[in-house]
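Student: Let me give you the structure first, and then I'll get to my questions.
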Amino acid sequence: MSQFQQALPELGNQYDDDRVLRSYLARVLPADVLSEVHESLAEMGHLAGGELYDLQLADRLNEPTLTQWDAWGNRIDKIELTPLWRVAEGIAAEHGLVATAYEQKYGSLSRVHQCALAYLFTPSTDIYSCPLAMTDGAARTLLNSGNQGLIDRAVPHLITRDPKEFWTAGQWMTELTGGSDVGLSETIAKSEPGSNAFRLYGRKWFTSAIGSQMALTLARPEGNPPGGRGLALFYIETRDEHGRPRNIQINRLKDKLGTRKVPTAELTLDGTPAQLVKGSVDGVRNIAPLLNITRLWNGISAVSLMRRGLALSFDYATKRTAFGAPLSEKPLHVDTLATLQAEFEAAFQLAFYVAELTGKSETREISDEEALLLRLLTPIMKLTTGKQAVMVASEVLESFGGAGYVEDTGLPVLLRDSQVLPIWEGTTNVLALDTLRALQSDGDAQQGLRRFEAAVMSCVEGVNDSKLVNVVRAALDHAASWLANAEGDAVEAGARRFSLTLGRTIELALLIKHAQWSLDRQAIDSVRRFASVGVDHIF
Ligand code: MFK
């Protein structure tokens with residue numbers, strides 16, 4: 001009998017161990033802010049690499065359940081979450097996973113602090129980032145709406161640090177008719193005679209994290225025109241004081257490829273009480289703040305899952321011996337991981353840059369030019385990082401050989417959960433079309449592209465490595481000439497290649513900027529690798 005026993009991959013403090021996060025924070029945060037946030041991040045890094053990670057592995061086979069009826073025939077539609085998610089909810093509230101962005105202790109940089117917390121928390125909590133993203137988005141949407149009654153009623157619950165008071169929010173958009181094309185929604189809003197209240201009737205087909213206390217949803221007030229403009233944005237409290245759903249039936253939970261801890265349901269709204277959030281039309285426009293926040297979370301989740309896979313893979317490479325040496329001493333294995341690391345670092349820089357701009361927009365420190373840039377970069381960042389996360393997760397599994405394909409290593413879930421990132425919150429193609437729309441937010445796409453170019457080139461100002469800067473310049477020139485020459489259907493057909501090129505180009509520019517700042521040899525290596533893999537997808 002062989003005495004050989006393979007050592008398993010392990011995690012340390014996920015903040016202490018993360019060169020990329022620490023070096024980024026050292027660049028963007030003033031020294032006093034960095035020293036103040038250090039403890040909160042170190043604590044979260046400790047939880048993520050220790051207690052939460054252990055609980056995640058122990059919770060692997062548990063899934064949320066739906067009980068539709070009690071023993072006496074009453075319809076109860078009770079959702080039971082798994083132990084990991086119950087713990088995650090308390091930790092999320094106490095550690096201010098949503099609150100940090102609204103307390104604004106460090107002004108616009110509070111968004112960066114919050115995203116750093118979310119980035120550490122997410123990979124150990126099996127997509128608890130989903131309800132948090134929607135909660136954050138709901139708080140932002142209500143605050144932007146100016147509806148003081150709803151702000152007073154709901155926002156304190158959404159941004160509290162007290163687990164007993166904490167609410168999560170749902171985002172009920174998708175219907176059978178419209179996953180991407182939300183304007184096709186069929187849910188009807190009937191006004192209650194003699195009051196401002198409404199009741200909603202319809203089917204919501206793919207509603208995530210159904211355990212939330214409130215939701216923002218879209219419905220068409222009777223008599224309104226078709227399309228997104230005829231929809232209105234509504235606020236719902238999901239359960240009454242006895243915990244019973246308010247005229248909401250949970251028909252079943254979805255049987256999904258991944259995000260298995262997220263209770264995603266099909267719902268029937270059968271007279272659900274609802275209040276208008278802002279006006280009685282323009283629901284799609286009014287829910288957009290929520291979409292932009294959840295898209296930011298999507299990007300942060302993408303980089304956090306890449307980082308988790310790589311942390312495990314790098315550790316394993318020091319423990320697994322093959323052909324006479326640890327994998328960490330095998331040039332081809334090291335080279336493969338370094339290329340994945342470069343993708344991760346590039347995605348990281350873009351996701352956190354969007355967090356910086358989002359923070360500035362929330363504290364109204366954003367210029368008009370930057371606001372247009374944020375509108376453009378949000379879909380670009382979401383679509384680019386979503387694709388990178390799936391590729392990196394797939395390669396991470398492969399880096400473990402057969403072990404990466406075996407469920408009780410806890411590795412396959414990384415791939416399954418990453419696969420949702422390019423799908424929900426707008427697929428790659430829908431966001432590529434949104435990129436084209438955002439490029440012409442002020443009516444002129446060429447002007448929009450020039451704004452993007454200026455932002456990109458400002459990252460590489462004063463950089464010595466002209467070879468790297470030339471890769472950026474060439475991709476920008478190609479994108480500009482494509483946009484100037486593409487006509488008719490070719491514009492839509494090429495939108496994905498164009499958007500990915502913009503995404504990878506700005507990632508490269510941000511990586512160069514960071515490397516120049518850090519003069520860190522490893523960071524420079526990642527930049528060169530990322531540039532050599534290529535940013536230009538247009539043909
Ligand atoms: C892990 C982290 C993430 C966790 C999230 C978890 C849960 C998520 C579960 C879900 O997946 S929820 C469903 C997500 N669904 C989507 O994201 C829908 C995807 N489809 C789109 O985004 C379409 O582009 C869209 C529905 C917006 C298109 O609809 P329309 O009716 O054709 O809208 P239109 O005419 O493009 O835009 C209407 C207005 O909204 C316009 O403004 P104006 O009325 O002033 O002209 C747009 O400019 C504005 N708008 C649209 N998207 C915007 C926006 N404004 C700002 N930001 C945006 N992103």
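Residues are referred to by chain and number: the chain letter is A, B, ... according to the order shown in the structure tokens, the number counts from 1 in that chain, and ligands are numbered separately from 1 in the order shown.
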Write out as an NGL selection string each polymer residue (protein, DNA or RNA) that has an atom no more than 8 Å from ligand 1, with only C-alpha atoms and all ligand atoms counted.

Tutor: :A and (127-134 or 170-174 or 179-183 or 206-209 or 227-229 or 282 or 284-289 or 291-292 or 294-302 or 375 or 378-379 or 421 or 423-427 or 430-431 or 433-434 or 437-438 or 441)

Student: Quick one: everything within 10 Å of segment 231-241 of chain A, counting only C-alpha atoms, minus sequence neighbours fewer than 5 positions away in the same chain. Send it as a ChimeraX atom specification.

Tutor: /A:138,142,150,154,169-172,182-189,198-200,210-222,224-226,246-248,272-287

Student: Would you compute the distance between atom CA of Trp69 of chain A and atom CA of Ile250 of chain A? Give it in Å to one decimal.

Tutor: 10.9 Å

Student: Tell me, as a PDB file with C-alpha atoms, in the first residue's frame, which residues lie within 8 Å of Thr125 of chain A, counting only C-alpha atoms; anything in the same chain fewer than 6 positions away does not count.

Tutor:
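Output file result.pdb is given in full below:
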```pdb
ATOM      1  CA  LEU A  52     -16.207  31.246   6.494  1.00  0.00           C
ATOM      2  CA  TYR A  53     -14.172  29.083   4.139  1.00  0.00           C
ATOM      3  CA  GLN A  56     -18.489  26.952   3.014  1.00  0.00           C
ATOM      4  CA  LEU A  84     -23.688  29.326   5.351  1.00  0.00           C
ATOM      5  CA  TRP A  85     -26.105  31.950   4.097  1.00  0.00           C
ATOM      6  CA  ALA A  88     -23.249  35.290   5.904  1.00  0.00           C
TER       7      ALA A  88
END
```

Student: Where does DSSP see strand (DSSP E) in segment 58-219 of chain A, if you list the residues as JSON, numbers by chain?

Tutor: {"A": [65, 66, 67, 68, 69, 75, 76, 77, 78, 79, 80, 169, 170, 171, 172, 188, 189, 190, 191, 198, 199, 200, 201, 202, 203, 204, 205, 206, 207, 214, 215, 216, 217, 218, 219]}

Student: Counting only C-alpha atoms, which of A:Asp444, A:Glu487, A:Asp32, A:Glu89 gets nearest to Glu165 of chain A?

Tutor: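 Comparing A:Asp444, A:Glu487, A:Asp32, A:Glu89 against Glu165 of chain A, the winner is A:Glu89.
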
Student: I'd like to know which residues of segment 118-302 of chain A are alpha helix (DSSP H) (by DSSP, run on the backbone); could you write them as a ChimeraX atom specification?

Tutor: /A:118-121,129-145,148-158,283-302

Student: Restricting it to C-alpha atoms, dump the selection as a PDB file, in the first residue's frame.

Tutor:
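Written output follows (result_17.pdb):
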```
ATOM      1  CA  ALA A 118     -17.163  42.602  -0.812  1.00  0.00           C
ATOM      2  CA  TYR A 119     -14.231  41.241  -2.816  1.00  0.00           C
ATOM      3  CA  LEU A 120     -12.864  39.474   0.279  1.00  0.00           C
ATOM      4  CA  PHE A 121     -16.263  38.252   1.510  1.00  0.00           C
ATOM      5  CA  SER A 129     -23.138  38.852  -2.947  1.00  0.00           C
ATOM      6  CA  CYS A 130     -26.365  38.485  -4.969  1.00  0.00           C
ATOM      7  CA  PRO A 131     -28.780  39.715  -2.264  1.00  0.00           C
ATOM      8  CA  LEU A 132     -26.200  42.254  -1.112  1.00  0.00           C
ATOM      9  CA  ALA A 133     -25.826  43.660  -4.618  1.00  0.00           C
ATOM     10  CA  MET A 134     -29.576  44.036  -4.963  1.00  0.00           C
ATOM     11  CA  THR A 135     -29.845  45.574  -1.482  1.00  0.00           C
ATOM     12  CA  ASP A 136     -27.168  48.100  -2.339  1.00  0.00           C
ATOM     13  CA  GLY A 137     -28.823  48.825  -5.683  1.00  0.00           C
ATOM     14  CA  ALA A 138     -32.232  49.265  -4.047  1.00  0.00           C
ATOM     15  CA  ALA A 139     -30.811  51.718  -1.486  1.00  0.00           C
ATOM     16  CA  ARG A 140     -29.168  53.751  -4.262  1.00  0.00           C
ATOM     17  CA  THR A 141     -32.342  53.691  -6.402  1.00  0.00           C
ATOM     18  CA  LEU A 142     -34.613  54.780  -3.554  1.00  0.00           C
ATOM     19  CA  LEU A 143     -32.212  57.560  -2.534  1.00  0.00           C
ATOM     20  CA  ASN A 144     -32.001  58.777  -6.136  1.00  0.00           C
ATOM     21  CA  SER A 145     -35.797  58.658  -6.489  1.00  0.00           C
ATOM     22  CA  GLN A 148     -39.002  60.558   0.995  1.00  0.00           C
ATOM     23  CA  GLY A 149     -41.691  58.243   2.371  1.00  0.00           C
ATOM     24  CA  LEU A 150     -40.020  55.155   0.924  1.00  0.00           C
ATOM     25  CA  ILE A 151     -36.539  56.415   1.766  1.00  0.00           C
ATOM     26  CA  ASP A 152     -37.562  56.833   5.423  1.00  0.00           C
ATOM     27  CA  ARG A 153     -39.318  53.480   5.474  1.00  0.00           C
ATOM     28  CA  ALA A 154     -36.775  51.221   3.766  1.00  0.00           C
ATOM     29  CA  VAL A 155     -33.310  52.737   3.429  1.00  0.00           C
ATOM     30  CA  PRO A 156     -32.403  52.619   7.155  1.00  0.00           C
ATOM     31  CA  HIS A 157     -33.032  48.846   7.050  1.00  0.00           C
ATOM     32  CA  LEU A 158     -30.967  48.364   3.897  1.00  0.00           C
ATOM     33  CA  GLY A 283     -39.714  52.171 -15.213  1.00  0.00           C
ATOM     34  CA  VAL A 284     -36.661  50.984 -17.126  1.00  0.00           C
ATOM     35  CA  ARG A 285     -34.949  54.346 -16.842  1.00  0.00           C
ATOM     36  CA  ASN A 286     -35.859  54.606 -13.150  1.00  0.00           C
ATOM     37  CA  ILE A 287     -34.518  51.167 -12.259  1.00  0.00           C
ATOM     38  CA  ALA A 288     -31.209  51.869 -14.056  1.00  0.00           C
ATOM     39  CA  PRO A 289     -29.360  52.983 -10.862  1.00  0.00           C
ATOM     40  CA  LEU A 290     -30.066  49.530  -9.452  1.00  0.00           C
ATOM     41  CA  LEU A 291     -28.715  47.877 -12.612  1.00  0.00           C
ATOM     42  CA  ASN A 292     -25.534  49.908 -12.514  1.00  0.00           C
ATOM     43  CA  ILE A 293     -24.826  49.028  -8.872  1.00  0.00           C
ATOM     44  CA  THR A 294     -25.498  45.307  -9.391  1.00  0.00           C
ATOM     45  CA  ARG A 295     -23.256  45.415 -12.482  1.00  0.00           C
ATOM     46  CA  LEU A 296     -20.488  46.864 -10.344  1.00  0.00           C
ATOM     47  CA  TRP A 297     -20.986  44.021  -7.850  1.00  0.00           C
ATOM     48  CA  ASN A 298     -20.908  41.595 -10.747  1.00  0.00           C
ATOM     49  CA  GLY A 299     -17.454  42.844 -11.728  1.00  0.00           C
ATOM     50  CA  ILE A 300     -16.190  42.793  -8.149  1.00  0.00           C
ATOM     51  CA  SER A 301     -17.541  39.244  -7.792  1.00  0.00           C
ATOM     52  CA  ALA A 302     -15.818  38.251 -11.034  1.00  0.00           C
TER      53      ALA A 302
END
```

Student: Show me, as a list in words, the residues that have an atom within 10 Å of Glu343 of chain A when counting only C-alpha atoms, minus same-chain residues fewer than 3 positions from it.

Tutor: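 Non-adjacent residues within range: Val303, Met306, Leu337, Ala338, Thr339, Leu340, Ala346, Ala347, Phe348, Thr385, Gln388, Ala389, Met391, Val392, Arg504, Glu507, Leu508, Ser526, Val527, Arg529, Phe530 and Val533 of chain A.
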
Student: Quick one: pull the distance between atom CA of Arg307 of chain A and atom CA of Thr122 of chain A, Å, one decimal.

Tutor: 10.7 Å

Student: Between A:Thr65, A:Ser23, A:Asn470, A:Thr501, which is the closest to Arg252 of chain A once you count only C-alpha atoms?

Tutor: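 Going through A:Thr65, A:Ser23, A:Asn470, A:Thr501 one by one, the smallest distance to Arg252 of chain A is for A:Thr65.
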
Student: Using only C-alpha atoms, which residue out of A:Ser361, A:Asn464, A:Asn429, A:Thr435 lies closest to Leu377 of chain A?

Tutor: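 Checking each candidate against Leu377 of chain A, we get A:Thr435 as the closest.
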
Student: Applying 10 Å and only C-alpha atoms, which residues near Pro83 of chain A remain after dropping the ones on its own chain fewer than 4 positions away? List them as a list of chain:residue names.

Tutor: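 That gives A:Leu55, A:Gln56, A:Ala58, A:Asp59, A:Asn62, A:Glu63, A:Pro64, A:Val87, A:Ala88.
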